[in-house]
$ cat data29.cif   # mmCIF, C-alpha atoms, pLDDT in the B column; chains and numbers go by the auth columns
data_coords
#
loop_
_atom_site.group_PDB
_atom_site.id
_atom_site.type_symbol
_atom_site.label_atom_id
_atom_site.label_comp_id
_atom_site.label_asym_id
_atom_site.label_seq_id
_atom_site.Cartn_x
_atom_site.Cartn_y
_atom_site.Cartn_z
_atom_site.B_iso_or_equiv
_atom_site.auth_seq_id
_atom_site.auth_asym_id
ATOM 1 C CA MET A 1 104.111 93.670 104.341 90.00 231 A
ATOM 2 C CA ILE A 2 104.160 97.423 104.705 94.00 232 A
ATOM 3 C CA TYR A 3 101.707 99.204 106.988 96.00 233 A
ATOM 4 C CA GLU A 4 100.896 102.867 106.830 97.00 234 A
ATOM 5 C CA ILE A 5 99.172 104.974 109.456 97.00 235 A
ATOM 6 C CA ARG A 6 97.729 108.308 108.386 97.00 236 A
ATOM 7 C CA THR A 7 96.309 110.836 110.808 96.00 237 A
ATOM 8 C CA TYR A 8 94.317 113.702 109.392 96.00 238 A
ATOM 9 C CA GLU A 9 93.659 116.922 111.254 95.00 239 A
ATOM 10 C CA ALA A 10 90.560 118.649 109.913 95.00 240 A
ATOM 11 C CA ALA A 11 90.372 122.305 109.031 96.00 241 A
ATOM 12 C CA GLU A 12 88.251 124.311 111.475 94.00 242 A
ATOM 13 C CA GLY A 13 84.626 123.151 111.312 93.00 243 A
ATOM 14 C CA LYS A 14 85.338 120.507 108.636 95.00 244 A
ATOM 15 C CA ALA A 15 85.773 117.320 110.709 94.00 245 A
ATOM 16 C CA ALA A 16 82.408 115.797 109.797 93.00 246 A
ATOM 17 C CA ALA A 17 82.836 116.588 106.087 95.00 247 A
ATOM 18 C CA MET A 18 86.348 115.125 106.129 95.00 248 A
ATOM 19 C CA ARG A 19 85.201 111.862 107.729 94.00 249 A
ATOM 20 C CA ASP A 20 82.155 111.633 105.470 95.00 250 A
ATOM 21 C CA ARG A 21 84.226 112.039 102.303 96.00 251 A
ATOM 22 C CA PHE A 22 86.669 109.393 103.487 96.00 252 A
ATOM 23 C CA ILE A 23 83.999 106.859 104.450 94.00 253 A
ATOM 24 C CA SER A 24 81.491 107.395 101.654 95.00 254 A
ATOM 25 C CA VAL A 25 83.871 107.927 98.739 95.00 255 A
ATOM 26 C CA VAL A 26 87.582 107.455 99.373 96.00 256 A
ATOM 27 C CA ALA A 27 87.572 104.161 101.294 96.00 257 A
ATOM 28 C CA SER A 28 84.652 102.620 99.449 95.00 258 A
ATOM 29 C CA LYS A 29 85.477 103.638 95.885 96.00 259 A
ATOM 30 C CA PHE A 30 89.042 104.834 95.359 97.00 260 A
ATOM 31 C CA PHE A 31 90.969 102.577 97.741 97.00 261 A
ATOM 32 C CA PRO A 32 89.730 99.342 96.108 97.00 262 A
ATOM 33 C CA ARG A 33 90.279 100.834 92.647 97.00 263 A
ATOM 34 C CA HIS A 34 93.935 101.545 93.381 97.00 264 A
ATOM 35 C CA GLY A 35 94.848 98.520 95.510 96.00 265 A
ATOM 36 C CA ILE A 36 94.879 100.278 98.865 98.00 266 A
ATOM 37 C CA GLU A 37 93.812 97.830 101.569 97.00 267 A
ATOM 38 C CA LEU A 38 92.142 99.555 104.502 97.00 268 A
ATOM 39 C CA VAL A 39 92.922 97.758 107.766 96.00 269 A
ATOM 40 C CA GLY A 40 90.931 100.089 110.021 96.00 270 A
ATOM 41 C CA ALA A 41 89.756 103.639 110.594 95.00 271 A
ATOM 42 C CA PHE A 42 89.580 105.342 113.977 94.00 272 A
ATOM 43 C CA VAL A 43 88.425 108.514 115.710 90.00 273 A
ATOM 44 C CA ALA A 44 89.520 109.878 119.048 83.00 274 A
ATOM 45 C CA PRO A 45 86.389 110.912 120.983 82.00 275 A
ATOM 46 C CA ALA A 46 88.265 113.678 122.785 83.00 276 A
ATOM 47 C CA GLU A 47 89.682 115.057 119.519 82.00 277 A
ATOM 48 C CA ASP A 48 86.828 115.515 117.055 81.00 278 A
ATOM 49 C CA GLY A 49 89.092 117.011 114.402 91.00 279 A
ATOM 50 C CA ARG A 50 91.397 113.985 114.172 94.00 280 A
ATOM 51 C CA PHE A 51 90.841 110.947 112.012 95.00 281 A
ATOM 52 C CA THR A 52 93.321 108.072 111.790 96.00 282 A
ATOM 53 C CA TYR A 53 93.404 105.092 109.478 97.00 283 A
ATOM 54 C CA MET A 54 95.736 102.208 108.697 97.00 284 A
ATOM 55 C CA THR A 55 96.421 100.643 105.321 97.00 285 A
ATOM 56 C CA ARG A 56 98.463 97.630 104.260 96.00 286 A
ATOM 57 C CA PHE A 57 100.510 96.883 101.138 97.00 287 A
ATOM 58 C CA PRO A 58 102.561 93.879 100.018 95.00 288 A
ATOM 59 C CA SER A 59 105.661 96.054 99.497 94.00 289 A
ATOM 60 C CA GLU A 60 106.974 99.606 99.519 94.00 290 A
ATOM 61 C CA GLU A 61 106.844 99.594 95.714 96.00 291 A
ATOM 62 C CA ALA A 62 103.162 98.616 95.799 97.00 292 A
ATOM 63 C CA ARG A 63 102.464 101.349 98.362 97.00 293 A
ATOM 64 C CA LYS A 64 104.085 104.017 96.228 97.00 294 A
ATOM 65 C CA LYS A 65 102.389 102.798 93.042 98.00 295 A
ATOM 66 C CA ALA A 66 98.950 102.748 94.716 98.00 296 A
ATOM 67 C CA TRP A 67 99.226 106.259 96.163 98.00 297 A
ATOM 68 C CA ASP A 68 100.604 107.647 92.885 98.00 298 A
ATOM 69 C CA ALA A 69 97.658 106.140 90.988 98.00 299 A
ATOM 70 C CA PHE A 70 95.201 107.510 93.542 98.00 300 A
ATOM 71 C CA ALA A 71 96.700 111.005 93.322 97.00 301 A
ATOM 72 C CA ALA A 72 96.591 110.926 89.509 98.00 302 A
ATOM 73 C CA ASP A 73 92.983 109.681 89.311 98.00 303 A
ATOM 74 C CA PRO A 74 90.959 112.371 87.487 98.00 304 A
ATOM 75 C CA GLU A 75 87.749 111.261 89.181 97.00 305 A
ATOM 76 C CA TRP A 76 89.392 111.766 92.596 97.00 306 A
ATOM 77 C CA ALA A 77 90.523 115.247 91.518 97.00 307 A
ATOM 78 C CA LYS A 78 86.914 116.080 90.640 97.00 308 A
ATOM 79 C CA VAL A 79 85.569 114.755 93.965 97.00 309 A
ATOM 80 C CA LYS A 80 88.247 116.663 95.878 96.00 310 A
ATOM 81 C CA GLU A 81 87.441 119.887 94.035 97.00 311 A
ATOM 82 C CA GLU A 82 83.692 119.493 94.598 96.00 312 A
ATOM 83 C CA THR A 83 84.049 118.728 98.312 96.00 313 A
ATOM 84 C CA GLU A 84 86.454 121.612 98.887 97.00 314 A
ATOM 85 C CA LYS A 85 84.480 124.428 97.238 96.00 315 A
ATOM 86 C CA ASN A 86 84.297 126.178 100.602 94.00 316 A
ATOM 87 C CA GLY A 87 87.926 125.520 101.508 95.00 317 A
ATOM 88 C CA PRO A 88 90.152 122.534 102.222 96.00 318 A
ATOM 89 C CA LEU A 89 88.928 119.819 104.566 97.00 319 A
ATOM 90 C CA LEU A 90 92.407 118.956 105.865 95.00 320 A
ATOM 91 C CA LYS A 91 94.604 121.226 107.917 96.00 321 A
ATOM 92 C CA ASN A 92 97.444 118.715 108.377 96.00 322 A
ATOM 93 C CA GLN A 93 98.251 115.099 107.751 96.00 323 A
ATOM 94 C CA PHE A 94 100.826 112.882 109.391 96.00 324 A
ATOM 95 C CA ILE A 95 102.066 109.714 107.700 96.00 325 A
ATOM 96 C CA SER A 96 103.986 106.837 109.282 96.00 326 A
ATOM 97 C CA VAL A 97 105.184 103.925 107.163 95.00 327 A
ATOM 98 C CA LEU A 98 105.961 100.780 109.123 93.00 328 A
ATOM 99 C CA SER A 99 107.359 97.361 108.333 86.00 329 A
ATOM 100 C CA PRO A 100 107.311 94.400 110.719 80.00 330 A
ATOM 101 C CA THR A 101 110.610 93.725 112.462 75.00 331 A
ATOM 102 C CA MET A 102 109.810 90.482 114.226 66.00 332 A
ATOM 103 C CA ALA A 103 108.016 88.222 111.753 61.00 333 A
ATOM 104 C CA GLY A 104 106.064 85.506 113.467 60.00 334 A
ATOM 105 C CA LEU A 105 106.011 87.205 116.873 61.00 335 A
ATOM 106 C CA VAL A 106 102.748 86.453 118.646 58.00 336 A
ATOM 107 C CA LEU A 107 101.661 88.644 121.522 58.00 337 A
ATOM 108 C CA GLN A 108 99.278 87.262 124.084 58.00 338 A
#
$ encode --input "data29.cif" --output "C-alpha cells"
Amino acid sequence: MIYEIRTYEAAEGKAAAMRDRFISVVASKFFPRHGIELVGAFVAPAEDGRFTYMTRFPSEEARKKAWDAFAADPEWAKVKEETEKNGPLLKNQFISVLSPTMAGLVLQ
C-alpha cells in the first residue's frame, strides 16, 4: 500500500472555494472515476487557508497512473478553468508519498 498526504494552501481569499471544489466535485466525482481512494480530509481550525487530505493506492504504479489520468481528464480541465476564472484557488501544494515500513505493527 502507498499512502499520499497532500496539503493545499489556498490563494488569498480562496480557502472556501478551494474546499468546496474539492468536496463537491473532486472527491465525489473525479477520485472514484480515476481510482483514487480518499482516506480522509482535514482542516486546521487555526489555519483557514490550509486543507489536507490522505489517499491510498495499492502500489506506486497505481498512484502514478491514477494521478496521470486525473490530470488528463478533459472534464476536470473544464471544471478547473470554470472555478478559476477569477484566479487560481491554490497558492501552494505539498505532497508526501509514504509506504508502510513495519507491516503488521499494531499501536495501542
$ resolve_selection --input "data29.cif" --expression "the PyMOL selection byres ((chain A and resi 265-272) around 6)" --output "ChimeraX atom specification"
/A:261-264,273,282-286,296
$ resolve_selection --input "data29.cif" --expression "the PyMOL selection byres ((chain A and resi 238) around 7)" --output "PyMOL selection string"
chain A and resi 236-237+239-240+280-282+320+322-324
$ residues_around --input "data29.cif" --residues "Leu319 in chain A" --least-positions-apart "5" --cutoff "7 Å" --atoms "only C-alpha atoms" --output "PDB file with C-alpha atoms, keeping the file's coordinate frame"
ATOM      1  CA  ALA A 240      90.560 118.649 109.913  1.00 95.00           C
ATOM      2  CA  ALA A 241      90.372 122.305 109.031  1.00 96.00           C
ATOM      3  CA  LYS A 244      85.338 120.507 108.636  1.00 95.00           C
ATOM      4  CA  MET A 248      86.348 115.125 106.129  1.00 95.00           C
ATOM      5  CA  GLU A 314      86.454 121.612  98.887  1.00 97.00           C
TER       6      GLU A 314
END
$ atom_distance --input "data29.cif" --atom1 "CA of Ala274 in chain A" --atom2 "CA of Ala246 in chain A"
13.1 Å
$ atom_distance --input "data29.cif" --atom1 "CA of Pro330 in chain A" --atom2 "CA of Met231 in chain A"
7.2 Å
$ atom_distance --input "data29.cif" --atom1 "CA of Ala245 in chain A" --atom2 "CA of Gly279 in chain A"
5.0 Å
$ closest_residue --input "data29.cif" --among "A:Ala276, A:Val256, A:Ile235, A:Phe287" --to "Ala307 in chain A" --atoms "all atoms listed in the file"
A:Val256
